[in-house]
There are 2 protein chains.
Amino acid sequence: MVNVAILGFGVVGSGVAEVLAGHEDSIARKADGLIQLKYILDVREFPGSPFAECFVKDFAVIEQDPEVDIVVETIGGADMALDFTRRALAAGKNVVTSNKELVATHGYELTQLAMEKGVCYLFEASVGGGIPIIRPLSQCLAANEILEIYGILNGTTNYILTRMIRGGLSFETALKEAQDNGYAERDPSADVEGHDACRKICILAAIAFGRHIYPDQVPTEGITGITLADVDYADGVGKKIKLLGRAIRRKDGTVCAYVAPHLVDSNDPLSGVEDVFNAISVQGDAIGDVMFYGRGAGKLPTASAVVADVIDVAKNMGHRKAMCWEPGGKDAVRGTDQLASHWYVRAGVAAETLRAALGGKLLARRGSGEGEAACITNESLTRVELDEKIAGLNPLSVIRVLN
Amino acid sequence: MVNVAILGFGVVGSGVAEVLAGHEDSIARKADGLIQLKYILDVREFPGSPFAECFVKDFAVIEQDPEVDIVVETIGGADMALDFTRRALAAGKNVVTSNKELVATHGYELTQLAMEKGVCYLFEASVGGGIPIIRPLSQCLAANEILEIYGILNGTTNYILTRMIRGGLSFETALKEAQDNGYAERDPSADVEGHDACRKICILAAIAFGRHIYPDQVPTEGITGITLADVDYADGVGKKIKLLGRAIRRKDGTVCAYVAPHLVDSNDPLSGVEDVFNAISVQGDAIGDVMFYGRGAGKLPTASAVVADVIDVAKNMGHRKAMCWEPGGKDAVRGTDQLASHWYVRAGVAAETLRAALGGKLLARRGSGEGEAACITNESLTRVELDEKIAGLNPLSVIRVLN
């Protein structure tokens, strides 16, 4: 018998309780023993909940109960969640979480603490919702040197972009629709400014490349500047605008990680990833390209990933499964300055002026006025090289082209 | 120090030796200790090989050496490979394999034997080459009831179909090209008749649904009957012909598994999977749809999946990781008789005759002669229901439409 405590009875936490209760028999079979939900920590009252007898308000009850083997942290954020996670690990309890902010900012410390205490700190649900990615990356691709990871890591922004591309909606209208459908928060900044994708690429980069990368080391650009004009110009050459998190291992061992919109070609499987779906592409020296695709968020998908970690801990109880990496630092990361690529540029100038400056292929869209033009550069350029060429051209949009 | 013996120095076996040698340091780091290649079993001579001192010709040397912890079986087939695998497990050695035929036909017996002996029998490389699928399915999706698995499981046939669809080549010409490029064997029947995909869907079904499914229980149809006419008619309605392995859990707990060509809609991510790539789609009750995509074959991708299993064993040495299922039997499987779907039918009759019989949407292609017509049925029908409707209509092709 393995006892579980859930911290936070929000969307994911209540989903975990439901999955544990709804699949009790098959989970027991897979975990080689019964998994019992003993506590749920939440400050709120949930009268009539089928889990009513589990609720407690004081974390110390969980911390001091030697019967609790696994703590599921679904509080979110890096305040209370950090305190409780530290205390749970220090008390010798395994911790499973979906909290990407906590892993991205304190993952190094927490995995070290888990290792010292001989327990697990697992976070499959922190990236890609229910899509299996953390375990495949750390285990199944272990015989590869990972060269690059990139992907659509945020479902909200992918939904908004899909509605702009397929529905012709403006960013503001698409965001409103996403909010009405429950895909975006009332304060959407963590999603639309790219911070959520940033945390996820930090976690993926740590596992793939072996050193902690902090969110504040990752240049992050969201989708608030994307206009329908950009969407239409891209469409004219068979490309779609997608918000990507990307981490590349450089030859000197440093990692170039960033979040930004990209023009993605229709031949790339990522271009077909629509609505709230996520997809993560991994390039290894032996495997080549592999891609993982599915629902990147949502109550049950995310909860099912949390419960898979719980089953894994329960099945291997007492047998440490270390997932750890080296500490971060300034020398772990290089900026995007040296990362050359082709660029999409939209500028408030005549077409011939833009062509003269960049020499690339001019793009067309319906309804473009005079005094506006867009092109994709012929050459692969760093951002500094590009900026030199477009200085004085009144650039309205500048977006990287993927590969 | 963990000692490895490789059985069979063919494409995959030599790839395993290369990956182990080429990534020695990073593998040692991930496995918490050095992994040493001690023996390679092959009847042939490999003078000048960098692994020359490892070669032995007698399996008993490996079987009786207590220092050998892990046996990598890359012999293929179910004769010698079965004998050596049994003996290795019986001698208390862990076994890792890429041999789908052996796992599909004797997987139940071998996983049971491994469990009795407290060792591992792992086979991540047996399905999807280097694509992580076995471990994600058995671990990451453990909190789901799997409802259905289907996918493009054979790279050779997908290459041939891609060349027919995009290059306008006939089946015979595309097969010849695949052989010239090393993507198809001189005797291509295991691929083009669907047997390879059949073995893989058996393995996936066993893991997903918990009972052994034998290849001879799975109705299997290859791609030898697919013509350019079919490809063109499908293209006219935005669909592509793909060879799919498919396993569906029925409400009564039985599994309906089969291999056959399908018309796949362009909205389905599988339709974009081209050339030798594989993709596997899994539907779980909590996660919804997830898809895994990558190179399904090839020396290094497959070898990297084998080595990932080796690392997993080495890291968890002495700690049994059971992957097992219940025995098979007639009651585990139901045929496809009850599986209704829409159907593509091409027949040697006038268009109006076909429409009158099936009431579906007539399809068009360039160069279709009189006395030939094709349509997709309006109704979802079982095969028996369909056959009644098209009796006497001189059907030339009958292909299921996916969903």
# chains A, B, ... in the order shown; residues from 1 in each chain; ligands from 1

call {"tool": "interface_residues", "arguments": {"of": "chain B", "to": "chain A", "cutoff": "6 Å", "atoms": "only C-alpha atoms", "output": "PyMOL selection string"}}
result
chain B and resi 130+132+140+142-143+286-287+289-294+300-301+304+307-308

call {"tool": "write_last_selection", "arguments": {"atoms": "all heavy atoms", "output": "compact mmCIF listing (two decimals), in the first residue's frame"}}
result
# COMPACT_ATOMS: atom_id res chain seq x y z
N GLY B 130 13.93 3.62 -33.67
CA GLY B 130 14.41 4.45 -32.57
C GLY B 130 13.33 5.27 -31.90
O GLY B 130 13.60 5.94 -30.90
N PRO B 132 10.72 6.30 -29.42
CA PRO B 132 10.31 5.79 -28.10
C PRO B 132 8.81 5.50 -28.13
O PRO B 132 8.02 6.40 -28.34
CB PRO B 132 10.61 6.97 -27.16
CG PRO B 132 11.55 7.85 -27.90
CD PRO B 132 11.20 7.69 -29.35
N CYS B 140 4.51 5.90 -19.30
CA CYS B 140 3.99 7.27 -19.27
C CYS B 140 2.47 7.31 -19.40
O CYS B 140 1.83 8.24 -18.94
CB CYS B 140 4.60 8.11 -20.37
SG CYS B 140 6.39 8.13 -20.35
N ALA B 142 0.50 4.95 -18.29
CA ALA B 142 0.00 3.91 -17.39
C ALA B 142 -1.29 4.31 -16.68
O ALA B 142 -2.05 3.44 -16.23
CB ALA B 142 1.06 3.54 -16.36
N ALA B 143 -1.57 5.61 -16.57
CA ALA B 143 -2.78 6.04 -15.89
C ALA B 143 -3.98 6.09 -16.83
O ALA B 143 -5.06 6.50 -16.44
CB ALA B 143 -2.56 7.40 -15.24
N ALA B 286 -7.78 9.29 -20.76
CA ALA B 286 -7.47 10.57 -20.12
C ALA B 286 -6.69 11.49 -21.05
O ALA B 286 -6.99 12.68 -21.15
CB ALA B 286 -6.67 10.33 -18.83
N ILE B 287 -5.73 10.95 -21.75
CA ILE B 287 -4.82 11.79 -22.52
C ILE B 287 -5.42 12.22 -23.85
O ILE B 287 -5.00 13.21 -24.45
CB ILE B 287 -3.50 11.03 -22.75
CG1 ILE B 287 -2.52 11.77 -23.68
CG2 ILE B 287 -3.72 9.67 -23.38
CD1 ILE B 287 -1.85 12.88 -23.03
N ASP B 289 -5.60 11.83 -27.80
CA ASP B 289 -4.68 11.29 -28.81
C ASP B 289 -3.26 11.80 -28.59
O ASP B 289 -3.04 13.00 -28.44
CB ASP B 289 -5.12 11.74 -30.21
CG ASP B 289 -6.42 11.08 -30.61
OD1 ASP B 289 -6.57 9.88 -30.37
OD2 ASP B 289 -7.29 11.79 -31.16
N VAL B 290 -2.32 10.88 -28.60
CA VAL B 290 -0.91 11.27 -28.67
C VAL B 290 -0.28 10.55 -29.85
O VAL B 290 -0.71 9.47 -30.23
CB VAL B 290 -0.10 10.93 -27.40
CG1 VAL B 290 -0.41 11.88 -26.28
CG2 VAL B 290 -0.33 9.50 -26.97
N MET B 291 0.73 11.19 -30.44
CA MET B 291 1.39 10.57 -31.58
C MET B 291 2.89 10.62 -31.42
O MET B 291 3.43 11.60 -30.91
CB MET B 291 0.99 11.27 -32.88
CG MET B 291 1.41 10.49 -34.11
SD MET B 291 0.94 11.30 -35.66
CE MET B 291 2.33 12.41 -35.88
N PHE B 292 3.54 9.55 -31.84
CA PHE B 292 4.99 9.44 -31.79
C PHE B 292 5.48 9.26 -33.22
O PHE B 292 4.98 8.40 -33.95
CB PHE B 292 5.39 8.21 -30.95
CG PHE B 292 4.82 8.22 -29.57
CD1 PHE B 292 3.55 7.74 -29.32
CD2 PHE B 292 5.56 8.72 -28.51
CE1 PHE B 292 3.02 7.76 -28.04
CE2 PHE B 292 5.04 8.74 -27.24
CZ PHE B 292 3.77 8.27 -27.00
N TYR B 293 6.48 10.03 -33.59
CA TYR B 293 6.89 10.12 -34.99
C TYR B 293 8.40 10.08 -35.11
O TYR B 293 9.10 10.70 -34.30
CB TYR B 293 6.35 11.44 -35.53
CG TYR B 293 6.89 11.89 -36.86
CD1 TYR B 293 6.27 11.51 -38.04
CD2 TYR B 293 8.01 12.72 -36.93
CE1 TYR B 293 6.76 11.94 -39.27
CE2 TYR B 293 8.50 13.15 -38.16
CZ TYR B 293 7.86 12.76 -39.32
OH TYR B 293 8.35 13.18 -40.53
N GLY B 294 8.92 9.37 -36.08
CA GLY B 294 10.36 9.38 -36.32
C GLY B 294 10.77 8.28 -37.28
O GLY B 294 9.93 7.66 -37.94
N LEU B 300 21.48 3.12 -37.01
CA LEU B 300 21.74 3.88 -35.79
C LEU B 300 20.48 4.19 -34.99
O LEU B 300 20.50 4.10 -33.76
CB LEU B 300 22.53 5.15 -36.11
CG LEU B 300 23.98 4.88 -36.53
CD1 LEU B 300 24.72 6.17 -36.81
CD2 LEU B 300 24.73 4.06 -35.49
N PRO B 301 19.36 4.58 -35.65
CA PRO B 301 18.14 4.78 -34.84
C PRO B 301 17.78 3.53 -34.04
O PRO B 301 17.52 3.61 -32.83
CB PRO B 301 17.08 5.10 -35.90
CG PRO B 301 17.83 5.71 -37.03
CD PRO B 301 19.15 4.98 -37.06
N SER B 304 20.28 2.84 -31.29
CA SER B 304 20.18 3.77 -30.15
C SER B 304 19.05 3.36 -29.21
O SER B 304 19.13 3.57 -28.00
CB SER B 304 20.02 5.22 -30.62
OG SER B 304 18.69 5.49 -31.01
N VAL B 307 20.44 0.45 -27.17
CA VAL B 307 21.39 0.91 -26.15
C VAL B 307 20.66 1.62 -25.01
O VAL B 307 21.06 1.52 -23.86
CB VAL B 307 22.49 1.79 -26.78
CG1 VAL B 307 23.39 2.38 -25.71
CG2 VAL B 307 23.32 0.96 -27.76
N ALA B 308 19.57 2.32 -25.33
CA ALA B 308 18.78 2.95 -24.26
C ALA B 308 18.26 1.89 -23.30
O ALA B 308 18.27 2.08 -22.08
CB ALA B 308 17.63 3.75 -24.85

call {"tool": "residues_around", "arguments": {"residues": "stretch 254-265 of chain B", "least_positions_apart": "5", "cutoff": "8 Å", "atoms": "only C-alpha atoms", "output": "ChimeraX atom specification"}}
result
/B:194,197-198,201-202,205,209,218-223,234,238-249,270-271,331-336,344,399-402

call {"tool": "write_last_selection", "arguments": {"atoms": "N, CA and C atoms", "output": "compact mmCIF listing (two decimals), in the first residue's frame"}}
result
# COMPACT_ATOMS: atom_id res chain seq x y z
N GLY B 194 2.76 -7.04 -45.38
CA GLY B 194 2.23 -6.57 -44.09
C GLY B 194 2.65 -7.37 -42.87
N ALA B 197 4.51 -5.24 -40.15
CA ALA B 197 3.57 -4.38 -39.41
C ALA B 197 2.71 -5.22 -38.47
N CYS B 198 2.36 -6.42 -38.91
CA CYS B 198 1.55 -7.32 -38.09
C CYS B 198 2.26 -7.66 -36.78
N ILE B 201 2.15 -4.59 -34.46
CA ILE B 201 0.87 -4.28 -33.81
C ILE B 201 0.57 -5.32 -32.74
N CYS B 202 1.04 -6.55 -32.92
CA CYS B 202 0.88 -7.56 -31.86
C CYS B 202 1.57 -7.12 -30.57
N ALA B 205 -0.23 -4.15 -29.02
CA ALA B 205 -1.52 -4.55 -28.44
C ALA B 205 -1.31 -5.26 -27.10
N PHE B 209 -3.07 -3.57 -24.07
CA PHE B 209 -4.32 -4.21 -23.65
C PHE B 209 -4.11 -5.39 -22.72
N VAL B 218 -4.12 -12.14 -36.47
CA VAL B 218 -4.32 -10.77 -36.96
C VAL B 218 -4.47 -10.78 -38.47
N PRO B 219 -5.68 -10.52 -38.99
CA PRO B 219 -5.87 -10.46 -40.44
C PRO B 219 -4.91 -9.43 -41.03
N THR B 220 -4.15 -9.83 -42.03
CA THR B 220 -3.07 -8.98 -42.52
C THR B 220 -3.13 -8.86 -44.04
N GLU B 221 -3.21 -7.63 -44.48
CA GLU B 221 -3.24 -7.34 -45.92
C GLU B 221 -2.15 -6.32 -46.20
N GLY B 222 -1.36 -6.56 -47.23
CA GLY B 222 -0.27 -5.65 -47.57
C GLY B 222 -0.67 -4.63 -48.61
N ILE B 223 0.34 -4.15 -49.36
CA ILE B 223 0.07 -3.08 -50.32
C ILE B 223 0.25 -3.53 -51.76
N ALA B 234 -7.97 8.65 -54.50
CA ALA B 234 -7.88 9.11 -53.11
C ALA B 234 -7.41 10.57 -53.07
N GLY B 238 -8.48 14.49 -51.30
CA GLY B 238 -7.59 14.91 -50.22
C GLY B 238 -7.21 13.81 -49.26
N LYS B 239 -7.18 12.59 -49.75
CA LYS B 239 -6.79 11.48 -48.87
C LYS B 239 -5.57 10.76 -49.42
N LYS B 240 -4.84 10.13 -48.52
CA LYS B 240 -3.67 9.36 -48.93
C LYS B 240 -3.84 7.92 -48.48
N ILE B 241 -3.28 7.00 -49.28
CA ILE B 241 -3.34 5.59 -48.90
C ILE B 241 -2.13 5.26 -48.05
N LYS B 242 -2.39 4.75 -46.86
CA LYS B 242 -1.32 4.40 -45.92
C LYS B 242 -1.58 2.99 -45.41
N LEU B 243 -0.51 2.22 -45.22
CA LEU B 243 -0.65 0.90 -44.62
C LEU B 243 -0.63 1.07 -43.10
N LEU B 244 -1.71 0.68 -42.44
CA LEU B 244 -1.81 0.85 -41.00
C LEU B 244 -1.90 -0.49 -40.29
N GLY B 245 -1.22 -0.58 -39.16
CA GLY B 245 -1.52 -1.62 -38.18
C GLY B 245 -2.44 -0.99 -37.15
N ARG B 246 -3.45 -1.74 -36.71
CA ARG B 246 -4.47 -1.11 -35.86
C ARG B 246 -4.95 -2.11 -34.83
N ALA B 247 -5.11 -1.67 -33.61
CA ALA B 247 -5.63 -2.54 -32.55
C ALA B 247 -6.61 -1.72 -31.71
N ILE B 248 -7.82 -2.24 -31.57
CA ILE B 248 -8.90 -1.53 -30.90
C ILE B 248 -9.40 -2.40 -29.75
N ARG B 249 -9.54 -1.79 -28.57
CA ARG B 249 -10.13 -2.54 -27.46
C ARG B 249 -11.66 -2.45 -27.57
N LEU B 270 -1.24 11.57 -39.48
CA LEU B 270 -0.58 10.43 -40.14
C LEU B 270 -0.42 10.66 -41.63
N SER B 271 -1.30 11.46 -42.23
CA SER B 271 -1.23 11.62 -43.69
C SER B 271 0.05 12.33 -44.11
N ASP B 331 -10.01 -16.39 -27.07
CA ASP B 331 -10.96 -15.44 -26.51
C ASP B 331 -10.39 -14.03 -26.37
N ALA B 332 -9.09 -13.86 -26.67
CA ALA B 332 -8.50 -12.53 -26.53
C ALA B 332 -8.79 -11.65 -27.74
N VAL B 333 -9.15 -12.28 -28.84
CA VAL B 333 -9.17 -11.57 -30.11
C VAL B 333 -10.54 -11.70 -30.77
N ARG B 334 -10.96 -10.64 -31.39
CA ARG B 334 -12.14 -10.70 -32.25
C ARG B 334 -11.72 -10.26 -33.64
N GLY B 335 -12.30 -10.86 -34.64
CA GLY B 335 -11.97 -10.50 -36.01
C GLY B 335 -12.46 -9.10 -36.36
N THR B 336 -12.28 -8.72 -37.62
CA THR B 336 -12.69 -7.40 -38.06
C THR B 336 -14.12 -7.41 -38.61
N TYR B 344 -13.69 2.78 -49.46
CA TYR B 344 -13.38 3.19 -50.82
C TYR B 344 -13.55 1.95 -51.69
N ILE B 399 -10.92 -0.62 -50.03
CA ILE B 399 -9.99 -0.14 -49.01
C ILE B 399 -10.78 0.60 -47.92
N ARG B 400 -10.45 0.29 -46.67
CA ARG B 400 -11.11 0.98 -45.57
C ARG B 400 -10.73 2.45 -45.54
N VAL B 401 -11.68 3.29 -45.13
CA VAL B 401 -11.41 4.70 -44.88
C VAL B 401 -11.26 4.87 -43.37
N LEU B 402 -10.16 5.49 -42.95
CA LEU B 402 -9.91 5.64 -41.51
C LEU B 402 -10.87 6.69 -40.93

call {"tool": "closest_residue", "arguments": {"among": "B:Ala347, B:Leu175, B:Leu363, B:Ala114", "to": "B:Asn394", "atoms": "only C-alpha atoms"}}
result
B:Ala347

call {"tool": "select_by_dssp", "arguments": {"residues": "stretch 206-277 of chain A", "states": "strand (DSSP E)", "output": "VMD selection string"}}
result
chain A and resid 239 to 249 255 to 265 277

call {"tool": "residues_around", "arguments": {"residues": "A:Leu228", "least_positions_apart": "2", "cutoff": "9 Å", "atoms": "only C-alpha atoms", "output": "list of chain:residue names"}}
result
A:Met164, A:Ile165, A:Gly168, A:Leu169, A:Ser170, A:Phe171, A:Ile226, A:Asp230, A:Val231, A:Asp232, A:Tyr233

call {"tool": "residues_around", "arguments": {"residues": "B:Gly369", "least_positions_apart": "5", "cutoff": "12 Å", "atoms": "only C-alpha atoms", "output": "PyMOL selection string"}}
result
chain B and resi 229+347-351+364+374

call {"tool": "write_last_selection", "arguments": {"atoms": "all heavy atoms", "output": "mmCIF file, in the first residue's frame"}}
result
data_model
loop_
_atom_site.group_PDB
_atom_site.id
_atom_site.type_symbol
_atom_site.label_atom_id
_atom_site.label_comp_id
_atom_site.auth_asym_id
_atom_site.auth_seq_id
_atom_site.Cartn_x
_atom_site.Cartn_y
_atom_site.Cartn_z
ATOM 1 N N ALA B 229 -4.231 4.023 -59.862
ATOM 2 C CA ALA B 229 -5.611 4.494 -59.984
ATOM 3 C C ALA B 229 -6.188 4.779 -58.599
ATOM 4 O O ALA B 229 -6.818 5.821 -58.363
ATOM 5 C CB ALA B 229 -6.458 3.459 -60.718
ATOM 6 N N ALA B 347 -14.501 -0.092 -58.962
ATOM 7 C CA ALA B 347 -15.152 -1.244 -59.597
ATOM 8 C C ALA B 347 -15.187 -1.064 -61.109
ATOM 9 O O ALA B 347 -15.163 0.065 -61.617
ATOM 10 C CB ALA B 347 -16.576 -1.407 -59.060
ATOM 11 N N GLY B 348 -15.231 -2.191 -61.790
ATOM 12 C CA GLY B 348 -15.253 -2.175 -63.252
ATOM 13 C C GLY B 348 -16.671 -2.072 -63.782
ATOM 14 O O GLY B 348 -17.139 -2.957 -64.487
ATOM 15 N N VAL B 349 -17.337 -0.998 -63.388
ATOM 16 C CA VAL B 349 -18.720 -0.759 -63.829
ATOM 17 C C VAL B 349 -18.877 0.722 -64.149
ATOM 18 O O VAL B 349 -18.004 1.531 -63.828
ATOM 19 C CB VAL B 349 -19.747 -1.148 -62.733
ATOM 20 C CG1 VAL B 349 -19.751 -2.648 -62.496
ATOM 21 C CG2 VAL B 349 -19.470 -0.384 -61.445
ATOM 22 N N ALA B 350 -20.007 1.056 -64.734
ATOM 23 C CA ALA B 350 -20.280 2.464 -65.004
ATOM 24 C C ALA B 350 -20.525 3.212 -63.691
ATOM 25 O O ALA B 350 -20.981 2.627 -62.701
ATOM 26 C CB ALA B 350 -21.500 2.596 -65.910
ATOM 27 N N ALA B 351 -20.220 4.503 -63.703
ATOM 28 C CA ALA B 351 -20.324 5.316 -62.496
ATOM 29 C C ALA B 351 -21.720 5.235 -61.880
ATOM 30 O O ALA B 351 -21.876 5.091 -60.660
ATOM 31 C CB ALA B 351 -19.958 6.769 -62.818
ATOM 32 N N ALA B 364 -13.193 11.124 -58.771
ATOM 33 C CA ALA B 364 -12.711 11.364 -60.124
ATOM 34 C C ALA B 364 -11.197 11.274 -60.155
ATOM 35 O O ALA B 364 -10.510 11.551 -59.175
ATOM 36 C CB ALA B 364 -13.149 12.758 -60.584
ATOM 37 N N ALA B 374 -15.197 4.845 -59.051
ATOM 38 C CA ALA B 374 -14.786 4.677 -57.661
ATOM 39 C C ALA B 374 -15.636 5.568 -56.787
ATOM 40 O O ALA B 374 -16.082 6.643 -57.214
ATOM 41 C CB ALA B 374 -13.308 5.026 -57.490
#

call {"tool": "closest_residue", "arguments": {"among": "B:Glu385, B:Asp65, B:Glu326, B:Asp83", "to": "A:Arg29", "atoms": "only C-alpha atoms"}}
result
B:Glu326

call {"tool": "residues_around", "arguments": {"residues": "stretch 156-163 of chain B", "least_positions_apart": "5", "cutoff": "6 Å", "atoms": "only C-alpha atoms", "output": "CSV table (one decimal) with all heavy atoms, in the first residue's frame"}}
result
chain,number,residue,atom,x,y,z
B,174,ALA,N,8.2,1.5,-57.8
B,174,ALA,CA,8.5,2.1,-56.5
B,174,ALA,C,9.2,1.1,-55.6
B,174,ALA,O,10.2,1.4,-54.9
B,174,ALA,CB,7.3,2.6,-55.8
B,175,LEU,N,8.8,-0.2,-55.7
B,175,LEU,CA,9.4,-1.3,-55.0
B,175,LEU,C,10.9,-1.4,-55.5
B,175,LEU,O,11.8,-1.5,-54.7
B,175,LEU,CB,8.7,-2.6,-55.2
B,175,LEU,CG,9.4,-3.8,-54.6
B,175,LEU,CD1,9.7,-3.7,-53.2
B,175,LEU,CD2,8.5,-5.1,-54.9
B,183,TYR,N,16.1,0.3,-49.0
B,183,TYR,CA,15.0,0.4,-48.0
B,183,TYR,C,14.2,-0.9,-48.0
B,183,TYR,O,13.3,-1.1,-47.2
B,183,TYR,CB,14.1,1.6,-48.4
B,183,TYR,CG,14.7,2.9,-48.3
B,183,TYR,CD1,14.4,4.0,-49.1
B,183,TYR,CD2,15.7,3.2,-47.3
B,183,TYR,CE1,15.0,5.2,-49.0
B,183,TYR,CE2,16.3,4.4,-47.1
B,183,TYR,CZ,15.9,5.4,-48.0
B,183,TYR,OH,16.5,6.7,-47.9
B,184,ALA,N,14.4,-1.7,-49.1
B,184,ALA,CA,13.6,-3.0,-49.2
B,184,ALA,C,14.5,-4.1,-49.4
B,184,ALA,O,15.6,-4.0,-50.1
B,184,ALA,CB,12.5,-2.9,-50.3
B,192,VAL,N,6.0,-5.9,-47.8
B,192,VAL,CA,4.9,-5.5,-48.6
B,192,VAL,C,3.7,-6.3,-48.4
B,192,VAL,O,2.6,-5.9,-48.7
B,192,VAL,CB,5.3,-5.5,-50.1
B,192,VAL,CG1,6.4,-4.5,-50.4
B,192,VAL,CG2,5.6,-6.9,-50.6
B,274,GLU,N,5.8,10.7,-44.3
B,274,GLU,CA,6.2,10.2,-45.6
B,274,GLU,C,7.5,9.4,-45.5
B,274,GLU,O,8.1,9.3,-44.5
B,274,GLU,CB,6.4,11.5,-46.5
B,274,GLU,CG,5.1,12.3,-46.5
B,274,GLU,CD,4.9,13.1,-47.8
B,274,GLU,OE1,5.9,13.6,-48.3
B,274,GLU,OE2,3.8,13.1,-48.3
B,275,ASP,N,7.9,8.9,-46.7
B,275,ASP,CA,9.1,8.2,-46.9
B,275,ASP,C,9.2,7.0,-45.9
B,275,ASP,O,8.3,6.4,-45.6
B,275,ASP,CB,10.3,9.1,-46.8
B,275,ASP,CG,10.3,10.2,-48.0
B,275,ASP,OD1,9.9,9.8,-49.1
B,275,ASP,OD2,10.6,11.3,-47.7
B,276,VAL,N,10.4,6.9,-45.3
B,276,VAL,CA,10.6,5.7,-44.4
B,276,VAL,C,10.2,6.0,-42.9
B,276,VAL,O,10.5,5.3,-42.0
B,276,VAL,CB,12.1,5.3,-44.4
B,276,VAL,CG1,12.5,4.7,-45.8
B,276,VAL,CG2,13.0,6.4,-44.0

call {"tool": "select_by_dssp", "arguments": {"residues": "stretch 73-172 of chain B", "states": "alpha helix (DSSP H)", "output": "ChimeraX atom specification"}}
result
/B:80-90,100-117,134-135,155-167,171-172

call {"tool": "closest_residue", "arguments": {"among": "A:Arg250, A:Ala314, A:Lys100, A:Phe123", "to": "A:Val68", "atoms": "only C-alpha atoms"}}
result
A:Ala314

call {"tool": "atom_distance", "arguments": {"atom1": "atom CA of B:Thr227", "atom2": "atom CA of B:Leu354"}}
result
19.2 Å

call {"tool": "atom_distance", "arguments": {"atom1": "atom CA of B:Val119", "atom2": "atom CA of B:Thr97"}}
result
13.8 Å

call {"tool": "atom_distance", "arguments": {"atom1": "atom CA of A:Leu147", "atom2": "atom CA of A:Ile203"}}
result
15.5 Å

call {"tool": "residues_around", "arguments": {"residues": "A:Gln338", "least_positions_apart": "5", "cutoff": "9 Å", "atoms": "only C-alpha atoms", "output": "JSON, numbers by chain"}}
result
{"A": [381, 382, 383, 384]}

call {"tool": "residues_around", "arguments": {"residues": "stretch 36-46 of chain B", "least_positions_apart": "5", "cutoff": "6 Å", "atoms": "only C-alpha atoms", "output": "number ranges by chain"}}
result
B: 3-8, 54-57

call {"tool": "closest_residue", "arguments": {"among": "A:Lys200, A:Arg365, A:His342, A:Arg186", "to": "A:Val237", "atoms": "only C-alpha atoms"}}
result
A:Arg365
